[in-house]
Amino acid sequence: MISVLIADDEQPAVDELAFLLGQDPRIGTIHRATSGSEAIRILTREPVDAAFLDIHMPGLSGFDLARALQRFERKPAFVFVTADEEGALEAFDLAAVDYLLKPVRAERLQRSVTRVVEAMRQAQPGSTDAAANRPEMIAVTLGGTTRMIRRDDVRYVQAQGDYARLHTDEASYLVRVPMSDLERQWAEAGFVRVHRSYLVALPHVTRVRLGGDRPTVLVGQAELPVSRRLLPGLRERLDQATPRARP
């Protein structure tokens with residue numbers, strides 16, 4: 001069970017997040033703070049595994065709290081929960097596990113808890129260095145604002161001339177990187193080319209239909225075509241990714 005702290009200067013926001021976290025069976029004790037100073041007092045007094053921090057709080061901000069956590073002997077994982085998209089760059093510079101935008105959706109929050117669990121596992125004695133296991137982050141621009149997204153949130157990539165459009169379950173982002181470069185650089189991360197216009201993340205593929213005249217893969221709600229030329233390569237990658245029973 002994970003012990004968590006929620007810090008937000010708005011009590012309704014604290015209560016709502018506590019309610020959502022309480023629905024997750026992995027969450028145990030939930031501590032609540034409505035100021036940065038109160039959060040520090042709890043963190044120094046109670047064993048906390050993860051902190052969910054609002055950024056904009058009077059006095060000590062969420063960023064201030066994250067910097068303070070770096071000095072703790074037992075460092076909790078932390079997630080920023082905010083309405084401010086512009087803080088993502090600084091958040092990941094501070095090694096945040098995740099960056100949640102308000103209003104928080106239950107499904108998205110569950111993914112954050114999963115990332116907290118992964119971070120805790122990596123921090124255990126005997127595990128590989130946590131910094132080496134941090135997911136690759138990608139700088140993207142949306143509406144004139146630069147933010148960071150995790151590569152493992154990308155479901156598929158769509159070619160658009162000299163650009164590539166990265167599709168996540170929340171939005172899509174245009175980056176000035178040729179599809180061929182992403183195909184080469186992301187192959188080891190589970191991405192495979194299925195069409196001249198599409199590169200898919202195999203962990204996000206929910207259905208494959210490789211027979212008939214129009215082979216396709218389903219990624220989220222998107223049904224994407226598979227070209228005949230790339231079909232053998234896709235079959236091979238799927239075969240490699242499928243666990244086999246021992247004889």
# chains A, B, ... in the order shown; residues from 1 in each chain; ligands from 1

$ residues_around --residues "region 150-165 of chain A" --least-positions-apart "3" --cutoff "7 Å" --atoms "only C-alpha atoms" --output "short mmCIF file (atom, residue, chain, number, x, y, z; two decimals) with N, CA and C atoms, in the first residue's frame"
data_model
loop_
_atom_site.label_atom_id
_atom_site.label_comp_id
_atom_site.auth_asym_id
_atom_site.auth_seq_id
_atom_site.Cartn_x
_atom_site.Cartn_y
_atom_site.Cartn_z
N PRO A 135 11.95 7.46 -18.21
CA PRO A 135 11.47 7.38 -19.59
C PRO A 135 11.96 8.57 -20.41
N GLU A 136 12.11 8.34 -21.70
CA GLU A 136 12.53 9.44 -22.57
C GLU A 136 11.43 10.49 -22.65
N MET A 137 11.82 11.74 -22.50
CA MET A 137 10.88 12.85 -22.58
C MET A 137 11.08 13.57 -23.92
N ILE A 138 9.99 14.07 -24.46
CA ILE A 138 10.01 14.74 -25.76
C ILE A 138 9.42 16.13 -25.60
N THR A 168 -1.16 10.84 -28.64
CA THR A 168 -1.34 10.25 -27.32
C THR A 168 -2.84 10.07 -27.10
N SER A 172 -2.62 15.41 -29.85
CA SER A 172 -1.60 15.08 -30.84
C SER A 172 -0.68 16.28 -30.97
N TYR A 173 0.59 16.01 -31.28
CA TYR A 173 1.60 17.06 -31.28
C TYR A 173 2.46 16.91 -32.53
N LEU A 174 2.72 18.02 -33.19
CA LEU A 174 3.54 18.03 -34.40
C LEU A 174 4.98 18.33 -34.02
N VAL A 175 5.91 17.48 -34.45
CA VAL A 175 7.32 17.69 -34.18
C VAL A 175 8.08 17.65 -35.51
N ARG A 176 9.13 18.44 -35.58
CA ARG A 176 9.89 18.52 -36.84
C ARG A 176 10.99 17.46 -36.84
N VAL A 177 10.55 16.21 -36.96
CA VAL A 177 11.46 15.07 -37.02
C VAL A 177 10.93 14.14 -38.10
N PRO A 178 11.75 13.74 -39.07
CA PRO A 178 11.27 12.83 -40.11
C PRO A 178 10.86 11.48 -39.52
N MET A 179 9.85 10.87 -40.10
CA MET A 179 9.38 9.57 -39.65
C MET A 179 10.51 8.54 -39.67
N SER A 197 2.92 5.84 -43.75
CA SER A 197 2.44 6.99 -42.99
C SER A 197 2.32 6.74 -41.49
N TYR A 198 2.58 5.50 -41.02
CA TYR A 198 2.31 5.21 -39.61
C TYR A 198 3.40 4.37 -38.96
N LEU A 199 3.70 4.77 -37.74
CA LEU A 199 4.61 4.05 -36.85
C LEU A 199 3.81 3.81 -35.57
N VAL A 200 3.71 2.55 -35.12
CA VAL A 200 2.85 2.27 -33.97
C VAL A 200 3.68 1.74 -32.80
N ALA A 201 3.20 2.02 -31.59
CA ALA A 201 3.81 1.49 -30.37
C ALA A 201 3.14 0.15 -30.05
N HIS A 204 0.67 -0.46 -27.22
CA HIS A 204 -0.64 0.18 -27.30
C HIS A 204 -1.56 -0.46 -28.34
N VAL A 219 -5.19 0.83 -32.60
CA VAL A 219 -4.41 1.49 -31.55
C VAL A 219 -5.34 2.49 -30.88
#

$ residues_around --residues "region 52-67 of chain A" --least-positions-apart "3" --cutoff "7 Å" --atoms "only C-alpha atoms" --output "JSON, numbers by chain"
{"A": [5, 6, 7, 8, 9, 35, 36, 37, 70, 78, 79, 80, 81, 82]}

$ atom_distance --atom1 "CA of Leu100 (chain A)" --atom2 "CA of Leu202 (chain A)"
24.4 Å
